[in-house]
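Peer 1: Dropping a structure here in structure tokens format, bear with me for questions.
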Amino acid sequence: MNRYIIKNNIKLMCRNWGNILLFIIMPVILIFVLSSAFDTLMQKYEKTEMSAGYRIEGDTVTEAMIEAMKDIAEENDISLSEFPSGDPEELIRNNGLTGFIVFKDDTYTIYEDKDNAVMGKVLEYFVNAFYENAAAGAMGVQTDNAKITVEHPDFRKAIDSKDYYGIVEIIYFGWCAIVAGAGIFMNEKKYKIRRRYQVANLSPIKDYLGRFIPIVIVASIGTVIAALLTIVLLGVHWGNPLLSFFILILSTAAATALGVMIYNLTDNMIATIIIVFALVWFLGFWGGSFETYLFSSHPMILKNISPVYHINRALTELSCMNQSDYTVNAIGYSGLLIVVCSVIAVVAGQIRKRGRA
């Protein structure tokens, strides 16, 4: 019975070939546009030295750490100069500064040179990284109460925009896998297939698997084809292809479980698509699907709650370094989502079946 349902649902999805074709082509188009638009942002400059100004206004925390910040900035080819007074924007124009930082009351404001937005983002990332690492006790800051050890992490190869967006946008569209299953849900409503399953006394688990498995198969095939197209047409480099594609397929399965769970809870395809798209956009934004996590200043707690961040980071680091500390996280997050969402979906299906009985 289950084998018949799976085969029949795959046929139903293939009738809506337009959805599947968009599922394959749209990420490739988006990758081409984003990689071209953000190529300047991610390219490696031969000249990396930059100068910035700063001012401390009553921020005693930063005042105690400013010398350490200046030393670490010098190591990263950033020269920090103090300007006790003056308008930050005028100081940038008149002194040829990349940016200007105003530290005040445990907060800081960064003014960027409008003609050099790329280096302004680098400055923003540096200041954010300094505070994050200082809070974690990872840098050499001497205060009255603590002495923190200096660490010099090894240089890691950067990833270019083509490879970055060629990977993360495939993942992002994979999280919209429920679109590939629209044919199943629409035909169930149209031809009252649910009633036939009730007569056949199909269990909620078999009912769930009859939706979950075919959507995973079709969505995974579409996602892998899209990934292969990025290799052939754009030259995107997927490091460790077997492991990368395994994570990609597992990610698509997690997205499918999430989508089916939401559908079982709402019993409405339009509501499901709206909720899924809103949730995926949120997870994708904080996960680096629209800007690189390399230059992101988002709080780490927001990144860590997004499974898309762990998957994006694992696959992009596999691409440029052939290894990633986030591989286990990516697999674990996806596996956990599959289990949790599947259980909720089955329970919701059981409750709905009893309500109709």
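As shown in the structure tokens, the chain order sets the letters A, B, ...; within each chain, residues go from 1, and ligands are also counted from 1 in the order they appear.
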Hey, what's within 7 Å of segment 348-351 of chain A if we count only C-alpha atoms and toss same-chain stuff fewer than 2 positions away? As a count of residues only, please?

Peer 2: 9

Peer 1: Quick one: residues within 9 Å of Ala177 of chain A, only C-alpha atoms counted, chain neighbours fewer than 5 positions away excluded, as a compact mmCIF listing (two decimals) with N, CA, C and O atoms, in the first residue's frame?

Peer 2:
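The result, stored in selection.txt:
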# COMPACT_ATOMS: atom_id res chain seq x y z
N PHE A 23 11.82 25.22 -9.57
CA PHE A 23 12.61 24.79 -8.42
C PHE A 23 14.08 24.56 -8.81
O PHE A 23 14.99 24.74 -8.00
N ILE A 215 8.04 13.56 -1.73
CA ILE A 215 8.49 14.96 -1.82
C ILE A 215 10.00 15.04 -1.66
O ILE A 215 10.68 15.79 -2.37
N VAL A 216 10.55 14.26 -0.72
CA VAL A 216 12.01 14.24 -0.54
C VAL A 216 12.69 13.76 -1.82
O VAL A 216 13.70 14.34 -2.25
N VAL A 218 11.61 13.83 -5.05
CA VAL A 218 11.51 14.80 -6.15
C VAL A 218 12.29 16.07 -5.83
O VAL A 218 13.03 16.59 -6.67
N ALA A 219 12.14 16.60 -4.61
CA ALA A 219 12.85 17.83 -4.23
C ALA A 219 14.36 17.62 -4.22
O ALA A 219 15.12 18.50 -4.64
N SER A 220 14.82 16.46 -3.76
CA SER A 220 16.26 16.18 -3.72
C SER A 220 16.83 16.06 -5.12
O SER A 220 17.92 16.57 -5.41
N THR A 223 17.03 19.53 -6.49
CA THR A 223 18.11 20.29 -5.85
C THR A 223 19.47 19.85 -6.35
O THR A 223 20.34 20.68 -6.63
N THR A 252 17.41 19.03 2.54
CA THR A 252 16.14 19.04 1.80
C THR A 252 15.10 18.17 2.50
O THR A 252 13.91 18.53 2.56
N ALA A 253 15.54 17.05 3.05
CA ALA A 253 14.62 16.17 3.80
C ALA A 253 14.10 16.88 5.05
O ALA A 253 12.92 16.77 5.40
N ALA A 255 13.78 20.13 5.41
CA ALA A 255 12.85 21.15 4.93
C ALA A 255 11.50 20.53 4.58
O ALA A 255 10.45 21.12 4.84
N THR A 256 11.53 19.34 3.99
CA THR A 256 10.29 18.64 3.63
C THR A 256 9.51 18.27 4.89
O THR A 256 8.28 18.46 4.95
N GLY A 259 7.84 21.34 6.17
CA GLY A 259 6.71 21.73 5.35
C GLY A 259 5.49 20.83 5.55
O GLY A 259 4.36 21.32 5.66

Peer 1: For a quick check of understanding, using only C-alpha atoms, which of A:Glu188, A:Ser342, A:Ser297, A:Val28 has the smallest distance to Glu124 of chain A?

Peer 2: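 Residue with the minimum atom-to-atom distance to Glu124 of chain A: A:Ser297.
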
Peer 1: Do you know which residues are at most 10 Å from segment 243-246 of chain A counting only C-alpha atoms, after dropping those on the same chain fewer than 2 positions away, and could you put them as a PyMOL selection string?

Peer 2: chain A and resi 167+220+223-224+227+238-241+248-252+311+314-316+318-319+322+327+331

Peer 1: Write out, as a short mmCIF file (atom, residue, chain, number, x, y, z; two decimals), in the first residue's frame, the residues just selected, with C-alpha atoms.

Peer 2:
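New file selection32.cif:
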data_model
loop_
_atom_site.label_atom_id
_atom_site.label_comp_id
_atom_site.auth_asym_id
_atom_site.auth_seq_id
_atom_site.Cartn_x
_atom_site.Cartn_y
_atom_site.Cartn_z
CA ILE A 167 26.09 26.93 -2.67
CA SER A 220 16.26 16.18 -3.72
CA THR A 223 18.11 20.29 -5.85
CA VAL A 224 20.94 18.03 -6.99
CA ALA A 227 23.66 22.01 -7.98
CA TRP A 238 31.60 21.88 -4.24
CA GLY A 239 34.33 20.60 -1.93
CA ASN A 240 34.12 16.89 -1.05
CA PRO A 241 31.12 16.30 -3.38
CA LEU A 248 22.36 18.92 0.83
CA ILE A 249 19.91 16.01 0.52
CA LEU A 250 19.58 15.71 4.31
CA SER A 251 18.86 19.45 4.45
CA THR A 252 16.14 19.04 1.80
CA ILE A 311 24.39 24.04 6.72
CA ALA A 314 29.52 23.60 6.57
CA LEU A 315 29.13 23.48 2.79
CA THR A 316 30.93 26.75 2.04
CA LEU A 318 33.98 22.36 2.61
CA SER A 319 34.14 24.21 -0.71
CA ASN A 322 37.70 20.68 2.15
CA THR A 327 29.67 19.42 9.36
CA ILE A 331 23.92 16.85 9.94
#

Peer 1: Find, counting only C-alpha atoms, the residue in A:Arg15, A:Lys7, A:Lys162, A:Lys114 that gets nearest to Ile31 of chain A.

Peer 2: A:Lys162

Peer 1: For the alpha helix (DSSP H) assignment from backbone DSSP, which residues of segment 148-354 of chain A qualify? Please present them as a ChimeraX atom specification.

Peer 2: /A:161-174,182-190,193-199,204-229,241-266,269-286,300-304,307-321,327-354

Peer 1: Got time to write the residues from that selection, C-alpha atoms, as a CSV table (one decimal), in the first residue's frame?

Peer 2:
chain,number,residue,atom,x,y,z
A,161,SER,CA,31.1,35.1,-4.5
A,162,LYS,CA,30.4,32.6,-7.2
A,163,ASP,CA,31.1,29.6,-5.0
A,164,TYR,CA,29.5,31.2,-2.0
A,165,TYR,CA,26.2,32.1,-3.6
A,166,GLY,CA,26.3,29.0,-5.8
A,167,ILE,CA,26.1,26.9,-2.7
A,168,VAL,CA,23.9,28.9,-0.2
A,169,GLU,CA,21.2,29.7,-2.8
A,170,ILE,CA,20.8,26.1,-3.7
A,171,ILE,CA,20.4,25.3,0.0
A,172,TYR,CA,17.9,28.2,0.4
A,173,PHE,CA,15.7,27.0,-2.4
A,174,GLY,CA,16.0,23.4,-1.1
A,182,ALA,CA,2.0,21.2,-4.1
A,183,GLY,CA,0.7,18.7,-6.7
A,184,ILE,CA,0.0,16.1,-4.0
A,185,PHE,CA,-1.9,18.4,-1.7
A,186,MET,CA,-3.9,20.1,-4.5
A,187,ASN,CA,-5.0,16.8,-5.9
A,188,GLU,CA,-5.9,15.4,-2.5
A,189,LYS,CA,-8.3,18.3,-2.1
A,190,LYS,CA,-9.6,18.2,-5.7
A,193,ILE,CA,-8.3,11.4,-1.9
A,194,ARG,CA,-8.1,11.8,1.9
A,195,ARG,CA,-11.6,10.1,2.2
A,196,ARG,CA,-10.4,7.1,0.2
A,197,TYR,CA,-7.5,6.7,2.6
A,198,GLN,CA,-9.9,6.9,5.5
A,199,VAL,CA,-11.9,4.1,4.1
A,204,PRO,CA,-1.2,8.3,10.2
A,205,ILE,CA,2.4,7.1,9.9
A,206,LYS,CA,1.9,5.5,6.5
A,207,ASP,CA,-0.1,8.6,5.5
A,208,TYR,CA,2.8,10.8,6.5
A,209,LEU,CA,5.5,8.7,4.8
A,210,GLY,CA,3.3,8.6,1.7
A,211,ARG,CA,3.7,12.4,1.5
A,212,PHE,CA,7.2,12.8,3.0
A,213,ILE,CA,9.1,10.2,0.9
A,214,PRO,CA,8.0,11.3,-2.6
A,215,ILE,CA,8.5,15.0,-1.8
A,216,VAL,CA,12.0,14.2,-0.5
A,217,ILE,CA,12.8,12.2,-3.7
A,218,VAL,CA,11.5,14.8,-6.2
A,219,ALA,CA,12.9,17.8,-4.2
A,220,SER,CA,16.3,16.2,-3.7
A,221,ILE,CA,16.5,15.3,-7.4
A,222,GLY,CA,15.6,18.8,-8.4
A,223,THR,CA,18.1,20.3,-5.8
A,224,VAL,CA,20.9,18.0,-7.0
A,225,ILE,CA,20.2,18.9,-10.7
A,226,ALA,CA,20.3,22.6,-9.8
A,227,ALA,CA,23.7,22.0,-8.0
A,228,LEU,CA,25.1,20.1,-11.0
A,229,LEU,CA,23.9,23.0,-13.3
A,241,PRO,CA,31.1,16.3,-3.4
A,242,LEU,CA,29.9,13.1,-1.7
A,243,LEU,CA,29.7,14.6,1.8
A,244,SER,CA,28.4,18.0,0.4
A,245,PHE,CA,25.6,16.3,-1.5
A,246,PHE,CA,24.7,14.1,1.4
A,247,ILE,CA,24.3,17.2,3.6
A,248,LEU,CA,22.4,18.9,0.8
A,249,ILE,CA,19.9,16.0,0.5
A,250,LEU,CA,19.6,15.7,4.3
A,251,SER,CA,18.9,19.4,4.4
A,252,THR,CA,16.1,19.0,1.8
A,253,ALA,CA,14.6,16.2,3.8
A,254,ALA,CA,14.6,18.4,6.9
A,255,ALA,CA,12.8,21.2,4.9
A,256,THR,CA,10.3,18.6,3.6
A,257,ALA,CA,9.5,17.4,7.2
A,258,LEU,CA,9.0,21.0,8.3
A,259,GLY,CA,6.7,21.7,5.4
A,260,VAL,CA,4.6,18.6,5.8
A,261,MET,CA,4.3,19.3,9.5
A,262,ILE,CA,3.0,22.8,8.9
A,263,TYR,CA,0.5,21.4,6.3
A,264,ASN,CA,-0.7,18.8,8.7
A,265,LEU,CA,-1.2,21.5,11.3
A,266,THR,CA,-3.0,23.9,9.0
A,269,MET,CA,-1.7,24.7,1.2
A,270,ILE,CA,-1.8,28.5,0.9
A,271,ALA,CA,-1.3,29.0,4.6
A,272,THR,CA,1.5,26.4,4.5
A,273,ILE,CA,3.4,28.2,1.7
A,274,ILE,CA,3.1,31.6,3.4
A,275,ILE,CA,4.3,30.2,6.8
A,276,VAL,CA,7.1,28.2,5.2
A,277,PHE,CA,8.3,31.0,3.0
A,278,ALA,CA,8.3,33.5,6.0
A,279,LEU,CA,10.1,31.0,8.2
A,280,VAL,CA,12.7,30.1,5.6
A,281,TRP,CA,13.3,33.8,4.8
A,282,PHE,CA,14.0,34.4,8.5
A,283,LEU,CA,16.3,31.4,8.8
A,284,GLY,CA,18.0,32.2,5.5
A,285,PHE,CA,18.6,35.9,6.4
A,286,TRP,CA,20.2,35.2,9.7
A,300,MET,CA,25.8,34.7,17.2
A,301,ILE,CA,22.7,33.6,19.1
A,302,LEU,CA,20.6,34.5,16.0
A,303,LYS,CA,22.9,32.6,13.7
A,304,ASN,CA,23.1,29.5,15.9
A,307,PRO,CA,19.9,25.5,10.9
A,308,VAL,CA,20.5,27.2,7.5
A,309,TYR,CA,23.5,28.9,9.0
A,310,HIS,CA,25.1,25.7,10.1
A,311,ILE,CA,24.4,24.0,6.7
A,312,ASN,CA,25.6,27.1,4.8
A,313,ARG,CA,28.8,27.3,6.8
A,314,ALA,CA,29.5,23.6,6.6
A,315,LEU,CA,29.1,23.5,2.8
A,316,THR,CA,30.9,26.8,2.0
A,317,GLU,CA,33.9,25.8,4.2
A,318,LEU,CA,34.0,22.4,2.6
A,319,SER,CA,34.1,24.2,-0.7
A,320,CYS,CA,37.1,26.4,0.1
A,321,MET,CA,38.9,24.3,2.8
A,327,THR,CA,29.7,19.4,9.4
A,328,VAL,CA,28.4,17.6,12.5
A,329,ASN,CA,26.2,20.5,13.4
A,330,ALA,CA,24.7,20.6,9.9
A,331,ILE,CA,23.9,16.9,9.9
A,332,GLY,CA,22.7,17.0,13.5
A,333,TYR,CA,20.4,19.9,13.0
A,334,SER,CA,18.9,18.3,9.9
A,335,GLY,CA,18.4,14.9,11.6
A,336,LEU,CA,16.8,16.5,14.7
A,337,LEU,CA,14.4,18.5,12.5
A,338,ILE,CA,13.4,15.4,10.6
A,339,VAL,CA,12.6,13.5,13.8
A,340,VAL,CA,10.8,16.3,15.6
A,341,CYS,CA,8.8,17.6,12.7
A,342,SER,CA,7.8,14.0,11.7
A,343,VAL,CA,6.5,13.2,15.1
A,344,ILE,CA,4.5,16.4,15.3
A,345,ALA,CA,3.1,15.8,11.8
A,346,VAL,CA,2.1,12.2,12.6
A,347,VAL,CA,0.4,13.3,15.9
A,348,ALA,CA,-1.4,16.2,14.0
A,349,GLY,CA,-2.5,13.7,11.4
A,350,GLN,CA,-3.9,11.4,14.0
A,351,ILE,CA,-5.8,14.1,15.7
A,352,ARG,CA,-7.2,15.4,12.5
A,353,LYS,CA,-8.3,11.8,11.5
A,354,ARG,CA,-10.1,11.3,14.8

Peer 1: For Val102 of chain A, please output as a PyMOL selection string all residues within 6 Å (counting only C-alpha atoms; exclusion window: fewer than 6 positions along the same chain).

Peer 2: chain A and resi 54-55+108-109

Peer 1: Those residues you just picked out, can you put them in a file as a CSV table (one decimal), in the first residue's frame with C-alpha atoms?

Peer 2:
chain,number,residue,atom,x,y,z
A,54,TYR,CA,37.7,56.8,16.6
A,55,ARG,CA,36.4,58.8,19.6
A,108,TYR,CA,29.4,52.1,19.4
A,109,THR,CA,28.4,53.7,16.1

Peer 1: Can you tell me which residues surround Val127 of chain A at a distance of at most 10 Å, considering only C-alpha atoms, apart from same-chain residues fewer than 2 positions away, and format the answer as a list in words?

Peer 2: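 Using only C-alpha atoms, the neighbours found are Met69, Ala73, Ile101, Tyr108, Ile110, Val122, Leu123, Glu124, Tyr125, Ala129, Phe130, Tyr131, Glu132 and Ser297 of chain A.
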
Peer 1: Emit the selected residues as a compact mmCIF listing (two decimals), in the first residue's frame, including all heavy atoms.

Peer 2:
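The result, stored in again07.txt:
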# COMPACT_ATOMS: atom_id res chain seq x y z
N MET A 69 42.87 46.94 21.20
CA MET A 69 42.16 47.01 19.92
C MET A 69 43.05 47.59 18.83
O MET A 69 43.09 47.09 17.70
CB MET A 69 40.88 47.84 20.06
CG MET A 69 40.08 47.95 18.77
SD MET A 69 38.62 49.01 18.90
CE MET A 69 37.55 47.97 19.89
N ALA A 73 44.28 45.76 15.54
CA ALA A 73 43.94 46.39 14.27
C ALA A 73 45.18 46.53 13.39
O ALA A 73 45.12 46.27 12.18
CB ALA A 73 43.31 47.76 14.53
N ILE A 101 34.63 55.47 14.20
CA ILE A 101 33.91 54.76 15.25
C ILE A 101 33.74 55.67 16.46
O ILE A 101 34.71 56.25 16.95
CB ILE A 101 34.68 53.50 15.70
CG1 ILE A 101 35.23 52.73 14.51
CG2 ILE A 101 33.79 52.59 16.55
CD1 ILE A 101 36.32 51.74 14.85
N TYR A 108 28.53 51.39 20.31
CA TYR A 108 29.38 52.07 19.35
C TYR A 108 28.61 52.30 18.05
O TYR A 108 27.70 51.56 17.70
CB TYR A 108 30.67 51.27 19.07
CG TYR A 108 30.47 49.91 18.47
CD1 TYR A 108 30.34 49.75 17.08
CD2 TYR A 108 30.41 48.77 19.27
CE1 TYR A 108 30.16 48.48 16.52
CE2 TYR A 108 30.23 47.51 18.72
CZ TYR A 108 30.10 47.38 17.35
OH TYR A 108 29.93 46.13 16.79
N ILE A 110 29.30 53.20 13.90
CA ILE A 110 30.32 53.21 12.85
C ILE A 110 29.83 54.05 11.68
O ILE A 110 28.75 53.79 11.13
CB ILE A 110 30.66 51.78 12.38
CG1 ILE A 110 31.26 50.97 13.53
CG2 ILE A 110 31.62 51.82 11.20
CD1 ILE A 110 31.60 49.55 13.17
N VAL A 122 34.33 45.81 6.26
CA VAL A 122 35.45 45.13 6.91
C VAL A 122 35.70 45.73 8.29
O VAL A 122 35.93 45.02 9.27
CB VAL A 122 36.73 45.23 6.04
CG1 VAL A 122 37.93 44.68 6.79
CG2 VAL A 122 36.53 44.49 4.72
N LEU A 123 35.64 47.06 8.37
CA LEU A 123 35.82 47.74 9.66
C LEU A 123 34.71 47.34 10.64
O LEU A 123 34.97 47.06 11.81
CB LEU A 123 35.81 49.26 9.46
CG LEU A 123 35.94 50.11 10.73
CD1 LEU A 123 37.29 49.86 11.41
CD2 LEU A 123 35.76 51.60 10.39
N GLU A 124 33.48 47.30 10.15
CA GLU A 124 32.34 46.90 10.99
C GLU A 124 32.54 45.48 11.52
O GLU A 124 32.30 45.19 12.69
CB GLU A 124 31.05 46.99 10.18
CG GLU A 124 29.80 46.61 10.97
CD GLU A 124 28.55 46.69 10.12
OE1 GLU A 124 28.59 47.30 9.03
OE2 GLU A 124 27.51 46.14 10.55
N TYR A 125 32.98 44.59 10.64
CA TYR A 125 33.20 43.20 11.04
C TYR A 125 34.32 43.12 12.07
O TYR A 125 34.23 42.37 13.06
CB TYR A 125 33.55 42.35 9.83
CG TYR A 125 33.96 40.95 10.18
CD1 TYR A 125 33.02 40.00 10.57
CD2 TYR A 125 35.30 40.57 10.16
CE1 TYR A 125 33.39 38.72 10.91
CE2 TYR A 125 35.69 39.30 10.51
CZ TYR A 125 34.73 38.37 10.89
OH TYR A 125 35.10 37.11 11.24
N ALA A 129 33.89 41.62 15.75
CA ALA A 129 34.67 40.43 16.10
C ALA A 129 35.53 40.69 17.34
O ALA A 129 35.71 39.79 18.18
CB ALA A 129 35.55 40.02 14.92
N PHE A 130 36.06 41.91 17.47
CA PHE A 130 36.88 42.24 18.63
C PHE A 130 36.07 42.09 19.92
O PHE A 130 36.52 41.46 20.87
CB PHE A 130 37.41 43.67 18.51
CG PHE A 130 38.20 44.11 19.72
CD1 PHE A 130 39.55 43.84 19.81
CD2 PHE A 130 37.58 44.78 20.78
CE1 PHE A 130 40.29 44.23 20.92
CE2 PHE A 130 38.30 45.17 21.89
CZ PHE A 130 39.66 44.89 21.97
N TYR A 131 34.87 42.67 19.93
CA TYR A 131 34.05 42.59 21.15
C TYR A 131 33.61 41.16 21.44
O TYR A 131 33.58 40.74 22.61
CB TYR A 131 32.83 43.51 21.02
CG TYR A 131 33.14 44.95 21.33
CD1 TYR A 131 33.08 45.93 20.34
CD2 TYR A 131 33.50 45.34 22.61
CE1 TYR A 131 33.37 47.26 20.62
CE2 TYR A 131 33.79 46.66 22.90
CZ TYR A 131 33.73 47.62 21.90
OH TYR A 131 34.02 48.92 22.20
N GLU A 132 33.27 40.40 20.41
CA GLU A 132 32.86 39.01 20.62
C GLU A 132 34.00 38.19 21.21
O GLU A 132 33.82 37.42 22.15
CB GLU A 132 32.39 38.38 19.31
CG GLU A 132 30.99 38.80 18.89
CD GLU A 132 30.47 37.98 17.73
OE1 GLU A 132 31.23 37.14 17.21
OE2 GLU A 132 29.31 38.18 17.33
N SER A 297 27.51 40.96 10.95
CA SER A 297 27.68 41.44 12.32
C SER A 297 26.49 41.03 13.19
O SER A 297 26.30 41.55 14.28
CB SER A 297 27.81 42.98 12.33
OG SER A 297 26.66 43.58 11.75

Peer 1: When distances are computed from only C-alpha atoms, which of A:Asp115, A:Glu82, A:Asp87, A:Asp267 shows the smallest separation from Ile56 of chain A?

Peer 2: A:Glu82

Peer 1: Using only C-alpha atoms, determine which residues lie at most 12 Å from Leu97 of chain A, disregarding the query and same-chain residues fewer than 3 positions distant; provide the list as a PyMOL selection string.

Peer 2: chain A and resi 49-54+78-83+88-94+100-101+111-117+119-120+123
